[in-house]
Each structure stands twice: as structure tokens, then as C-alpha cells.
$ cat entry05.cif   # mmCIF, C-alpha atoms and all ligand atoms
data_coords
loop_
_atom_site.label_atom_id
_atom_site.label_comp_id
_atom_site.auth_asym_id
_atom_site.auth_seq_id
_atom_site.Cartn_x
_atom_site.Cartn_y
_atom_site.Cartn_z
CA MET A 1 -13.46 -29.58 4.88
CA ARG A 2 -15.83 -28.36 7.56
CA LEU A 3 -14.91 -25.06 9.12
CA SER A 4 -16.76 -23.26 11.83
CA LYS A 5 -17.20 -19.53 11.55
CA LYS A 6 -15.07 -18.98 14.64
CA THR A 7 -12.02 -20.71 13.24
CA GLY A 8 -12.70 -19.41 9.76
CA VAL A 9 -10.25 -16.52 9.67
CA VAL A 10 -7.25 -18.56 10.64
CA ALA A 11 -8.36 -21.52 8.59
CA ALA A 12 -9.11 -19.30 5.62
CA GLY A 13 -5.65 -17.80 5.86
CA ALA A 14 -4.06 -21.22 5.87
CA ALA A 15 -6.28 -22.48 3.08
CA LEU A 16 -5.63 -19.36 1.04
CA ALA A 17 -1.91 -19.81 1.42
CA LEU A 18 -2.30 -23.28 -0.02
CA THR A 19 -4.77 -22.58 -2.77
CA LEU A 20 -3.45 -19.23 -3.88
CA THR A 21 0.12 -20.26 -4.44
CA ALA A 22 -1.19 -22.33 -7.32
CA CYS A 23 -1.90 -19.52 -9.77
CA ALA A 24 -3.28 -16.06 -9.52
CA GLY A 25 -4.01 -15.26 -13.09
CA GLY A 26 -4.97 -18.53 -14.62
CA GLY A 27 -8.28 -20.18 -15.02
CA ALA A 28 -11.52 -19.00 -16.46
CA GLY A 29 -13.64 -16.82 -14.26
CA SER A 30 -17.03 -18.31 -13.80
CA SER A 31 -20.33 -17.11 -12.56
CA ASN A 32 -21.69 -19.57 -10.11
CA GLY A 33 -22.66 -20.25 -6.58
CA ASP A 34 -21.62 -23.86 -6.63
CA THR A 35 -20.36 -25.52 -3.53
CA ASP A 36 -18.75 -28.91 -3.59
CA ALA A 37 -20.99 -31.66 -2.27
CA GLY A 38 -20.41 -32.17 1.40
CA GLU A 39 -18.96 -28.71 1.98
CA THR A 40 -20.67 -26.75 4.71
CA THR A 41 -22.93 -23.87 3.84
CA GLU A 42 -23.84 -22.93 7.37
CA GLY A 43 -21.55 -19.91 7.25
CA GLY A 44 -23.93 -18.26 4.82
CA THR A 45 -23.71 -16.92 1.29
CA ILE A 46 -21.60 -14.01 0.12
CA GLY A 47 -22.38 -12.11 -3.06
CA VAL A 48 -19.27 -11.09 -5.01
CA ALA A 49 -19.78 -8.57 -7.83
CA MET A 50 -16.82 -8.04 -10.17
CA PRO A 51 -16.77 -5.53 -13.04
CA THR A 52 -15.56 -7.49 -16.05
CA GLU A 53 -13.91 -10.63 -17.32
CA THR A 54 -12.14 -8.81 -20.13
CA SER A 55 -9.28 -7.87 -17.82
CA GLU A 56 -7.33 -10.69 -16.30
CA ARG A 57 -6.92 -9.02 -12.94
CA TRP A 58 -10.65 -9.13 -12.21
CA ILE A 59 -10.82 -12.82 -13.13
CA ALA A 60 -7.96 -13.46 -10.72
CA ASP A 61 -9.67 -11.35 -8.04
CA GLY A 62 -12.96 -13.22 -8.51
CA ASP A 63 -11.27 -16.62 -8.36
CA ALA A 64 -9.23 -15.72 -5.30
CA VAL A 65 -12.16 -14.24 -3.37
CA GLN A 66 -14.34 -17.20 -4.24
CA SER A 67 -11.82 -19.83 -3.20
CA GLY A 68 -10.95 -17.95 -0.01
CA LEU A 69 -14.59 -17.68 1.00
CA GLU A 70 -15.32 -21.28 0.13
CA ALA A 71 -12.34 -22.45 2.13
CA ALA A 72 -13.79 -20.50 5.06
CA GLY A 73 -17.08 -22.35 4.73
CA TYR A 74 -19.21 -19.87 2.81
CA GLU A 75 -21.23 -20.25 -0.33
CA VAL A 76 -20.34 -17.74 -3.00
CA ASP A 77 -22.44 -16.07 -5.66
CA LEU A 78 -19.77 -14.66 -8.00
CA GLN A 79 -20.89 -12.47 -10.90
CA PHE A 80 -19.06 -10.53 -13.60
CA ALA A 81 -20.92 -7.71 -15.35
CA GLY A 82 -19.10 -7.22 -18.64
CA ASP A 83 -18.44 -3.58 -17.70
CA ASP A 84 -22.16 -2.91 -18.13
CA ILE A 85 -23.61 -0.79 -15.31
CA PRO A 86 -27.26 -1.97 -15.55
CA ILE A 87 -26.08 -5.59 -15.55
CA GLN A 88 -24.07 -4.98 -12.40
CA THR A 89 -26.97 -3.27 -10.62
CA GLN A 90 -29.29 -6.15 -11.59
CA GLN A 91 -26.77 -8.69 -10.34
CA ILE A 92 -26.50 -6.93 -6.99
CA ASP A 93 -30.30 -6.55 -6.75
CA ALA A 94 -30.62 -10.30 -7.31
CA MET A 95 -28.01 -11.05 -4.66
CA ILE A 96 -29.91 -8.92 -2.14
CA THR A 97 -33.31 -10.42 -2.90
CA GLY A 98 -31.66 -13.87 -2.91
CA GLY A 99 -30.70 -13.25 0.71
CA VAL A 100 -26.91 -13.02 0.71
CA ASP A 101 -25.33 -12.42 4.11
CA ALA A 102 -22.66 -9.99 2.90
CA LEU A 103 -21.67 -8.24 -0.33
CA ILE A 104 -18.19 -7.74 -1.79
CA ILE A 105 -18.41 -5.29 -4.69
CA ALA A 106 -15.89 -3.98 -7.22
CA ALA A 107 -18.04 -1.32 -8.87
CA ILE A 108 -17.98 -0.41 -12.55
CA ASP A 109 -19.30 3.08 -11.86
CA GLY A 110 -18.61 4.00 -8.25
CA THR A 111 -21.59 6.37 -8.14
CA ALA A 112 -24.24 4.09 -9.63
CA LEU A 113 -25.06 1.79 -6.72
CA THR A 114 -26.85 4.01 -4.21
CA SER A 115 -30.24 2.32 -4.39
CA GLN A 116 -28.67 -1.15 -4.22
CA LEU A 117 -26.72 -0.12 -1.15
CA ASP A 118 -29.84 1.35 0.46
CA ALA A 119 -31.59 -1.98 -0.06
CA ALA A 120 -28.61 -3.87 1.35
CA ALA A 121 -28.61 -1.67 4.45
CA ALA A 122 -32.35 -2.14 4.91
CA ALA A 123 -31.80 -5.90 4.79
CA GLY A 124 -28.87 -5.69 7.24
CA ILE A 125 -26.33 -6.84 4.65
CA PRO A 126 -22.81 -5.49 5.20
CA VAL A 127 -21.13 -4.08 2.09
CA ILE A 128 -17.41 -4.33 1.44
CA SER A 129 -16.18 -2.09 -1.35
CA TYR A 130 -13.52 -4.05 -3.22
CA ASP A 131 -10.55 -2.22 -4.77
CA ARG A 132 -12.71 0.67 -6.08
CA LEU A 133 -14.48 2.87 -3.56
CA ILE A 134 -18.26 3.07 -3.91
CA ARG A 135 -19.21 6.72 -3.68
CA ASP A 136 -22.19 8.81 -2.56
CA SER A 137 -23.62 6.28 -0.12
CA GLU A 138 -23.48 6.00 3.63
CA ASN A 139 -24.05 2.29 3.32
CA VAL A 140 -20.51 1.30 2.45
CA ASP A 141 -19.18 -0.45 5.51
CA PHE A 142 -15.56 -1.14 4.64
CA TYR A 143 -13.05 -0.66 1.83
CA VAL A 144 -10.23 -3.01 0.88
CA SER A 145 -7.76 -1.75 -1.70
CA PHE A 146 -4.18 -0.87 -2.48
CA ASP A 147 -2.68 2.50 -1.68
CA ASN A 148 -4.02 4.05 -4.87
CA GLU A 149 -2.24 7.38 -4.63
CA LYS A 150 1.05 5.53 -4.18
CA VAL A 151 0.23 3.56 -7.34
CA GLY A 152 0.19 6.88 -9.21
CA VAL A 153 3.42 7.99 -7.56
CA ALA A 154 5.02 4.68 -8.54
CA GLN A 155 3.85 5.00 -12.16
CA ALA A 156 5.22 8.54 -12.48
CA THR A 157 8.46 7.54 -10.77
CA ALA A 158 8.87 4.66 -13.23
CA LEU A 159 8.38 7.11 -16.10
CA LEU A 160 10.94 9.58 -14.69
CA TYR A 161 13.38 6.74 -14.03
CA GLY A 162 12.91 5.40 -17.55
CA LEU A 163 13.68 8.82 -18.99
CA GLY A 164 16.73 9.22 -16.75
CA LEU A 165 15.36 12.24 -14.86
CA THR A 166 15.46 10.35 -11.56
CA ASP A 167 16.99 7.22 -10.17
CA GLU A 168 14.81 4.21 -9.36
CA ALA A 169 13.95 5.67 -5.96
CA GLY A 170 12.76 8.94 -7.51
CA GLU A 171 15.81 11.07 -6.64
CA PRO A 172 16.56 13.63 -9.39
CA THR A 173 19.70 12.79 -11.36
CA GLY A 174 20.36 16.33 -12.57
CA GLU A 175 19.50 15.35 -16.16
CA GLU A 176 17.79 18.34 -17.75
CA GLY A 177 15.98 16.90 -20.74
CA PRO A 178 13.74 18.22 -22.06
CA PHE A 179 11.75 15.03 -22.60
CA ASN A 180 8.41 14.91 -24.37
CA VAL A 181 5.68 12.85 -22.73
CA GLU A 182 1.96 12.25 -23.10
CA LEU A 183 -0.40 11.41 -20.25
CA PHE A 184 -3.23 8.88 -19.98
CA ALA A 185 -5.75 8.46 -17.16
CA GLY A 186 -8.33 5.78 -16.36
CA SER A 187 -12.13 5.89 -16.34
CA LEU A 188 -13.48 8.96 -14.57
CA ASP A 189 -16.33 7.01 -12.95
CA ASP A 190 -13.71 4.87 -11.16
CA ASN A 191 -12.62 6.62 -7.97
CA ASN A 192 -9.19 5.01 -8.30
CA ALA A 193 -8.48 6.81 -11.56
CA HIS A 194 -8.44 10.12 -9.68
CA PHE A 195 -6.07 8.82 -7.01
CA PHE A 196 -3.69 7.37 -9.63
CA TRP A 197 -3.72 10.69 -11.50
CA LYS A 198 -3.21 12.77 -8.35
CA GLY A 199 -0.22 10.71 -7.23
CA ALA A 200 1.29 10.76 -10.70
CA MET A 201 0.79 14.46 -11.40
CA GLU A 202 2.18 15.55 -8.03
CA THR A 203 5.27 13.49 -8.81
CA LEU A 204 5.67 14.86 -12.34
CA GLN A 205 4.85 18.49 -11.49
CA PRO A 206 8.35 19.66 -10.40
CA PHE A 207 9.76 18.35 -13.69
CA LEU A 208 6.98 20.00 -15.71
CA ASP A 209 7.65 23.21 -13.77
CA ASP A 210 11.39 23.26 -14.47
CA GLY A 211 10.88 22.34 -18.11
CA SER A 212 12.75 19.03 -18.05
CA LEU A 213 9.42 17.36 -18.89
CA VAL A 214 7.10 18.71 -21.57
CA VAL A 215 3.63 17.59 -22.69
CA PRO A 216 3.60 18.77 -26.33
CA SER A 217 -0.15 18.14 -26.78
CA GLU A 218 -0.79 20.30 -23.70
CA GLN A 219 -3.42 17.75 -22.64
CA THR A 220 -2.62 17.84 -18.94
CA ASP A 221 -6.11 17.76 -17.49
CA ILE A 222 -7.54 14.45 -16.29
CA SER A 223 -10.67 14.98 -18.39
CA GLN A 224 -8.51 15.19 -21.53
CA ALA A 225 -6.40 12.19 -20.55
CA ALA A 226 -9.28 9.96 -19.36
CA THR A 227 -10.14 6.59 -20.91
CA LEU A 228 -13.79 5.58 -20.49
CA ARG A 229 -14.12 2.04 -19.01
CA TRP A 230 -10.35 1.61 -19.26
CA GLN A 231 -10.71 0.40 -22.86
CA GLN A 232 -7.54 -0.57 -24.74
CA GLU A 233 -8.99 0.49 -28.11
CA THR A 234 -9.91 3.91 -26.75
CA ALA A 235 -6.34 4.48 -25.57
CA GLN A 236 -4.93 3.25 -28.87
CA LYS A 237 -7.18 5.65 -30.78
CA ARG A 238 -6.24 8.60 -28.57
CA MET A 239 -2.53 7.82 -28.97
CA GLU A 240 -2.98 7.61 -32.76
CA ASP A 241 -4.80 10.94 -32.72
CA LEU A 242 -2.05 12.53 -30.61
CA LEU A 243 0.63 11.25 -32.96
CA THR A 244 -1.21 12.80 -35.89
CA SER A 245 -2.07 16.09 -34.21
CA THR A 246 1.20 16.73 -32.40
CA TYR A 247 4.04 14.58 -33.72
CA SER A 248 3.55 14.44 -37.48
CA GLY A 249 6.17 17.16 -37.96
CA GLY A 250 8.93 14.85 -36.73
CA GLU A 251 8.82 15.77 -33.03
CA GLU A 252 10.11 13.02 -30.77
CA LEU A 253 8.03 11.40 -28.06
CA HIS A 254 10.05 9.94 -25.19
CA GLY A 255 7.51 8.57 -22.75
CA VAL A 256 3.86 7.89 -21.97
CA LEU A 257 2.24 7.74 -18.54
CA SER A 258 -0.22 4.86 -18.72
CA PRO A 259 -2.22 3.79 -15.65
CA TYR A 260 -3.16 0.24 -16.74
CA ASP A 261 -1.53 -2.52 -18.80
CA GLY A 262 -4.48 -2.83 -21.18
CA LEU A 263 -4.13 0.85 -22.08
CA SER A 264 -0.35 0.45 -22.30
CA ARG A 265 -0.71 -2.26 -24.94
CA GLY A 266 -3.07 -0.07 -26.97
CA ILE A 267 -0.62 2.82 -26.71
CA ILE A 268 2.34 0.63 -27.70
CA THR A 269 0.40 -0.69 -30.71
CA ALA A 270 -0.24 2.90 -31.82
CA LEU A 271 3.42 3.89 -31.31
CA GLN A 272 4.78 0.88 -33.17
CA GLY A 273 2.19 1.30 -35.93
CA ALA A 274 3.37 4.86 -36.48
CA GLY A 275 7.03 3.86 -36.36
CA MET A 276 7.58 6.09 -33.33
CA GLY A 277 11.10 5.18 -32.27
CA GLY A 278 11.36 1.47 -32.96
CA GLU A 279 10.11 -1.91 -31.82
CA THR A 280 11.78 -1.86 -28.38
CA ILE A 281 12.82 0.77 -25.85
CA GLU A 282 16.44 0.07 -26.76
CA ASP A 283 15.59 0.90 -30.38
CA GLY A 284 13.98 4.17 -29.29
CA LEU A 285 10.36 3.17 -28.53
CA PRO A 286 9.00 5.62 -25.90
CA VAL A 287 8.96 4.49 -22.29
CA VAL A 288 5.42 3.31 -21.41
CA THR A 289 4.31 2.53 -17.82
CA GLY A 290 1.43 0.29 -16.69
CA GLN A 291 -0.45 -1.41 -13.87
CA ASP A 292 -1.65 -4.88 -12.85
CA ALA A 293 1.20 -7.10 -14.09
CA GLU A 294 -1.05 -8.63 -16.74
CA ILE A 295 0.66 -11.57 -18.35
CA ALA A 296 0.77 -10.06 -21.87
CA SER A 297 2.41 -6.94 -20.47
CA VAL A 298 4.87 -8.85 -18.30
CA LYS A 299 6.07 -10.55 -21.48
CA LEU A 300 6.38 -7.15 -23.17
CA ILE A 301 8.45 -5.94 -20.23
CA GLN A 302 10.66 -9.02 -20.42
CA ASP A 303 11.07 -8.33 -24.16
CA GLY A 304 12.03 -4.68 -23.58
CA VAL A 305 8.87 -3.28 -25.19
CA GLN A 306 6.84 -2.01 -22.19
CA GLN A 307 8.98 -0.36 -19.53
CA SER A 308 7.17 -1.17 -16.28
CA THR A 309 3.99 -2.18 -14.53
CA ILE A 310 2.69 -1.89 -10.99
CA PHE A 311 2.19 -5.25 -9.30
CA LYS A 312 -0.87 -5.44 -7.09
CA ASP A 313 -1.03 -8.87 -5.50
CA THR A 314 -4.71 -9.67 -5.94
CA ARG A 315 -4.28 -12.75 -3.74
CA LYS A 316 -3.55 -10.48 -0.77
CA LEU A 317 -6.50 -8.22 -1.59
CA ALA A 318 -8.83 -11.20 -1.81
CA ASP A 319 -7.49 -12.38 1.52
CA GLN A 320 -8.39 -9.02 3.12
CA ALA A 321 -11.89 -9.11 1.65
CA VAL A 322 -12.41 -12.58 3.10
CA ILE A 323 -11.14 -11.45 6.50
CA ALA A 324 -13.48 -8.43 6.43
CA ALA A 325 -16.49 -10.54 5.45
CA GLU A 326 -15.71 -13.03 8.21
CA ALA A 327 -15.54 -10.23 10.76
CA TYR A 328 -18.97 -8.89 9.81
CA LEU A 329 -20.53 -12.31 9.85
CA ALA A 330 -19.08 -12.87 13.31
CA GLY A 331 -20.71 -9.60 14.43
CA GLU A 332 -17.39 -7.75 14.59
CA GLU A 333 -15.79 -4.80 12.80
CA PRO A 334 -12.89 -5.56 10.47
CA GLU A 335 -9.57 -3.97 11.33
CA ALA A 336 -8.77 -0.85 9.29
CA ASN A 337 -5.28 0.54 8.68
CA GLU A 338 -6.47 3.80 7.10
CA THR A 339 -9.33 5.87 8.47
CA GLU A 340 -8.83 9.32 6.94
CA THR A 341 -8.26 9.23 3.21
CA TYR A 342 -11.23 7.52 1.61
CA ASP A 343 -14.08 10.00 1.77
CA ASN A 344 -16.80 8.71 -0.53
CA GLY A 345 -18.68 12.01 -0.61
CA VAL A 346 -20.92 11.07 2.31
CA LYS A 347 -18.57 9.58 4.85
CA ILE A 348 -15.02 8.45 5.38
CA VAL A 349 -14.97 4.73 4.78
CA PRO A 350 -12.66 2.71 7.05
CA SER A 351 -10.13 1.04 4.80
CA TYR A 352 -7.51 -1.63 4.65
CA LEU A 353 -4.82 -0.69 2.12
CA LEU A 354 -2.05 -2.87 0.72
CA GLU A 355 1.32 -1.86 -0.70
CA VAL A 356 2.38 -2.25 -4.31
CA ASP A 357 5.64 -2.95 -6.16
CA THR A 358 7.02 -1.64 -9.45
CA VAL A 359 8.02 -4.32 -11.94
CA TYR A 360 10.87 -3.71 -14.42
CA ALA A 361 12.60 -6.22 -16.67
CA ASP A 362 15.24 -6.88 -14.03
CA ASN A 363 12.95 -7.79 -11.13
CA ILE A 364 10.27 -9.89 -12.87
CA THR A 365 11.67 -13.10 -11.39
CA GLU A 366 11.90 -11.77 -7.86
CA LEU A 367 8.44 -10.15 -7.78
CA LEU A 368 6.30 -12.32 -10.01
CA VAL A 369 7.90 -15.73 -10.43
CA ASP A 370 9.33 -16.29 -6.96
CA SER A 371 6.02 -15.21 -5.41
CA GLY A 372 4.13 -17.75 -7.53
CA TYR A 373 2.02 -15.08 -9.28
CA TRP A 374 3.15 -16.16 -12.77
CA THR A 375 5.37 -19.01 -13.87
CA GLN A 376 8.35 -18.33 -16.12
CA ASP A 377 6.65 -20.46 -18.79
CA GLU A 378 3.55 -18.26 -18.67
CA ILE A 379 5.69 -15.14 -19.00
CA ASP A 380 7.63 -16.60 -21.93
CA ALA A 381 4.34 -17.48 -23.63
CA GLY A 382 2.66 -14.19 -22.66
CA GLN A 383 -0.34 -16.22 -21.63
CA ALA A 384 -1.81 -17.66 -18.45
CA GLU A 385 -1.92 -21.44 -18.34
C1 LIG B 1 -7.94 -0.93 -10.62
C2 LIG B 1 -6.74 -1.18 -11.47
C3 LIG B 1 -7.17 -1.59 -12.87
C4 LIG B 1 -8.23 -0.68 -13.42
C5 LIG B 1 -8.77 -1.20 -14.72
C6 LIG B 1 -8.84 0.04 -11.30
O1 LIG B 1 -9.93 0.32 -10.49
O2 LIG B 1 -7.53 -0.46 -9.36
O3 LIG B 1 -5.94 -2.18 -10.89
O4 LIG B 1 -6.05 -1.51 -13.71
O5 LIG B 1 -9.27 -0.53 -12.51
O6 LIG B 1 -9.40 -2.43 -14.57
#
$ encode --input "entry05.cif" --output "C-alpha cells"
Amino acid sequence: MRLSKKTGVVAAGAALALTLTACAGGGAGSSNGDTDAGETTEGGTIGVAMPTETSERWIADGDAVQSGLEAAGYEVDLQFAGDDIPIQTQQIDAMITGGVDALIIAAIDGTALTSQLDAAAAAGIPVISYDRLIRDSENVDFYVSFDNEKVGVAQATALLYGLGLTDEAGEPTGEEGPFNVELFAGSLDDNNAHFFWKGAMETLQPFLDDGSLVVPSEQTDISQAATLRWQQETAQKRMEDLLTSTYSGGEELHGVLSPYDGLSRGIITALQGAGMGGETIEDGLPVVTGQDAEIASVKLIQDGVQQSTIFKDTRKLADQAVIAAEAYLAGEEPEANETETYDNGVKIVPSYLLEVDTVYADNITELLVDSGYWTQDEIDAGQAE
């Protein structure tokens, strides 16, 4: 289909609606700049740098951004960097020297791209920071993401709800506990990790203050709770170490704040391996939160093993990135809905933020199946088709 740049936004929206209902999580992420024969390339080429293919959400993001841009008539150079910072900087360098017309970047380390962004600015290439804010550079033009602080609030609220300290909306129930919890954070070089932590800790603080919530390890600082590169194995190891150091005397653990499904699965493996409570929450397994609605975790939630996850509809985020790229290539500024919060250390980056939903066992169908994000068969299998 031939699309002019002028009609691209509307056409891209319509095309996205069609293509993205198919499947958000499925399919292998690929690195290519292929365009089907006959498709127009006059709209230019957009470089899309994603952090890793080891987490399903980034594969889904890459696929959705690529198909949205292609539907709008652009060529796409999509690259995944295996969570390796030098590889990502090389990929972006190559995109710039290859003459891309715009960049969409989900950074591994939000502070490591200054020289790439300087080069992009010198070449007049607009830079859209995707999901994770790129820091310490004035050459970040726009930021598309979810409301990251609200993600943290939602994770902490899910934990409190799971323990019975609040209702689902976060209103205190009057339950006094005390409940023992441990806290995990993401990778400190990811700006989002700090927003998730801030939102979560502000939500938990009143309960820590009144003693209804206790962190027996006393590891309540983000630097103690952090998980470099969001690695599942690292979280599993830390949970095992905490169980040994703090719970070997028979103390109970009731809940774990986890900011990402991969970490949650590592934590659950450690808990089950140590026989902490049982195989399911009903049997006494601690309440563990999550993020991203990864298929393996959605199955665990359905099975009563993981308590919750935060659903971020990557199709909508991809859509916003496409709309922002189109605006720049048409010589316009994309529309922001948040212009105060995202200070990257050098400037406040105009942002477009999306809302998130909390998934529990009883709303999987409504949030994930009815929206076409996962099929019930995929959830039952715990695997994307
Ligand atoms: C994203 C999360 C994701 C995490 C690990 C964060 O920057 O916002 O959705 O769980 O990275 O990949």
C-alpha cells in the first residue's frame, strides 16, 4: 500500500488497528530493514534501537513499532542489542552514519548515549526516547512512555491488596498485620527503575511507618534492592540469599514487591525451592507482584502462583512512537500530554504518557484476552504462539 506522508498518521492508525490486533507478544523479533517489494520508501528510514530480545515485551515493542512505521510508508532499521551497551551504541552510530531520518531508542543505559545523540543532533536527526528516558543530553526531542510512577503505585497497591492491608483501590482495610515483605527494584541505569521505586515506596511508607508492614532484612534502599539489567537469575539469587540470611529461623515471609515479571519468576523459583509457604498463594506462597504481562507470568497468575502484573499495552506505545516520528518528519512537533515530570538532567523532555492496568487472576480475560493481547490458548500454554 502506498501512503503519502501527509495521510500517514491517520493511515498508520488504521493500519495499526488492523495489524496489531493480531498478536502483541508473538513472533520472533528480527533485525532487519526489509521492506516488501513495491512498498514505498519515500517517507524515509527510521532507526529503531531496542535493548534486548530476552524479554518478550521488547520483542513485541520492536515488532509493533516496525509494522506501524512500515504501514505508514517508512523503511525501518530495527536492532536489538542483547542488553550490551557497546553493541547498542554501535548500532545507533551505524544508523546515524547510514542516514536514518529519525531515531526511536529504548536505551539499555539511559546515560550512555550522549555522543550518539550529539551526532544525531548534528545530522538533524530527531530522537524519540522510547519507554526509558535517555538522560544527560539536550538532544532528546520527545519521550513516549507509560506513567512510570503510577506503575510503582500500582505494584505497591497490588501488594497491599494481596496482603489484605488495603482494598483493590488502595483504601486501608484496618487490618493491622504485621506482614513481612521484601523489596526488589530494577536496574539503576534505567531511569524507569527509580520512578517505579518512588511510586511504590511512597505507597508503602504509611504501612511501614505504622508497623503493619515490616521488611525483616531491613534492605529498604533502592541500591540494596536493585537488580542489574533486570536479570531473572540475579533476582533469584538475591531472594535465595535473603531467605538464608533472614528467614532460616522459621520467620514467615508474606509478600515481595517485584517490579518486572522476569524478576518475579526468579523470586518465585527461589521461594518454592526453599519451601516458603507452598506452591500457590492459596497454599501460603508469598504474594509476588510484577510488570509487563509476560505470557509465562500471566499463566502463573491464572494458576494462582504469581499474584499480579502491570499491563502496559505495548501496541499503544508503539502507536505513539509512530505518531511522534511522523510529526517530526512532517516538520511538526508531536503533541505532549506531560511537560513537567521528565527532567533528564539537562532539560525537561516533552512526553506522551499512557495509563496502565493491574492484572489479577480475575481480570485476565477482560484485560488481556478481550483486548487481543494474548489468546486464552497462549495463556493456558504459558507461551506465545
Ligand atoms: C520497562 C519495563 C520492563 C523493564 C525490564 C523498563 O524500562 O519500563 O516495562 O519491565 O524495563 O525490561
$ closest_atom_pairs --input "entry05.cif" --of "chain A" --to "ligand LIG 1 (chain B)" --cutoff "7 Å" --atoms "only C-alpha atoms and all ligand atoms" --output "CSV"
residue,atom,partner,partner_atom,distance
A:Ser55,CA,B:LIG1,O6,6.3
A:Asp131,CA,B:LIG1,O2,5.8
A:Arg132,CA,B:LIG1,O1,5.2
A:Asp190,CA,B:LIG1,O1,6.0
A:Asn192,CA,B:LIG1,O1,5.2
A:Ala193,CA,B:LIG1,O1,6.7
A:Trp230,CA,B:LIG1,C5,5.6
A:Pro259,CA,B:LIG1,O4,6.8
A:Tyr260,CA,B:LIG1,O4,4.5
A:Asp261,CA,B:LIG1,O4,6.9
A:Gln291,CA,B:LIG1,O4,5.6
A:Asp292,CA,B:LIG1,O3,5.4
$ closest_atom_pairs --input "entry05.cif" --of "stretch 244-317 of chain A" --to "stretch 158-168 of chain A" --cutoff "12 Å" --atoms "all atoms listed in the file" --output "tab-separated table"
residue	atom	partner	partner_atom	distance
A:Leu253	CA	A:Leu163	CA	11.0
A:His254	CA	A:Leu163	CA	7.3
A:Gly255	CA	A:Leu159	CA	6.9
A:Val256	CA	A:Leu159	CA	7.4
A:Leu257	CA	A:Leu159	CA	6.6
A:Ser258	CA	A:Leu159	CA	9.3
A:Pro259	CA	A:Leu159	CA	11.1
A:Ile281	CA	A:Gly162	CA	9.5
A:Glu282	CA	A:Gly162	CA	11.2
A:Gly284	CA	A:Leu163	CA	11.3
A:Leu285	CA	A:Gly162	CA	11.5
A:Pro286	CA	A:Leu163	CA	8.9
A:Val287	CA	A:Gly162	CA	6.2
A:Val288	CA	A:Leu159	CA	7.2
A:Thr289	CA	A:Leu159	CA	6.4
A:Gly290	CA	A:Ala158	CA	9.3
A:Gln291	CA	A:Ala158	CA	11.1
A:Gly304	CA	A:Gly162	CA	11.8
A:Gln306	CA	A:Gly162	CA	10.6
A:Gln307	CA	A:Gly162	CA	7.2
A:Ser308	CA	A:Ala158	CA	6.8
A:Thr309	CA	A:Ala158	CA	8.5
A:Ile310	CA	A:Ala158	CA	9.3
$ closest_residue --input "entry05.cif" --among "A:Ala235, A:Leu354, A:Leu368, A:Ala49" --to "A:Asp319" --atoms "only C-alpha atoms"
A:Leu354
$ closest_residue --input "entry05.cif" --among "A:Ile267, A:Leu329, A:Ala324, A:Val359" --to "A:Asp241" --atoms "only C-alpha atoms"
A:Ile267
$ atom_distance --input "entry05.cif" --atom1 "atom CA of A:Asp141" --atom2 "atom CA of A:Tyr373"
29.7 Å
$ residues_around --input "entry05.cif" --residues "A:Thr97" --least-positions-apart "4" --cutoff "12 Å" --atoms "only C-alpha atoms" --output "ChimeraX atom specification"
/A:47,90-93,101,116,119-120,122-123,125
$ closest_atom_pairs --input "entry05.cif" --of "stretch 54-156 of chain A" --to "stretch 183-189 of chain A" --cutoff "12 Å" --atoms "only C-alpha atoms" --output "tab-separated table"
residue	atom	partner	partner_atom	distance
A:Asp83	CA	A:Ser187	CA	11.5
A:Ile85	CA	A:Asp189	CA	10.9
A:Ala107	CA	A:Asp189	CA	9.4
A:Ile108	CA	A:Asp189	CA	7.6
A:Asp109	CA	A:Asp189	CA	5.0
A:Gly110	CA	A:Asp189	CA	6.0
A:Thr111	CA	A:Asp189	CA	7.2
A:Ala112	CA	A:Asp189	CA	9.1
A:Leu113	CA	A:Asp189	CA	11.9
A:Arg132	CA	A:Asp189	CA	10.0
A:Leu133	CA	A:Asp189	CA	10.4
A:Ile134	CA	A:Asp189	CA	10.0
A:Arg135	CA	A:Asp189	CA	9.7
A:Gly152	CA	A:Ala185	CA	10.0
A:Gln155	CA	A:Leu183	CA	11.2
A:Ala156	CA	A:Leu183	CA	10.0
$ axis_aligned_box --input "entry05.cif" --around "stretch 175-186 of chain A" --padding-each-side "5 Å" --output "lines of an AutoDock Vina configuration file"
center_x = 5.6
center_y = 12.1
center_z = -20.3
size_x = 37.8
size_y = 22.6
size_z = 18.2
$ closest_residue --input "entry05.cif" --among "A:Pro350, A:Gly345, A:Gly262, A:Gly382" --to "A:Phe142" --atoms "all atoms listed in the file"
A:Pro350
$ atom_distance --input "entry05.cif" --atom1 "atom CA of A:Trp374" --atom2 "atom CA of A:Val298"
9.3 Å
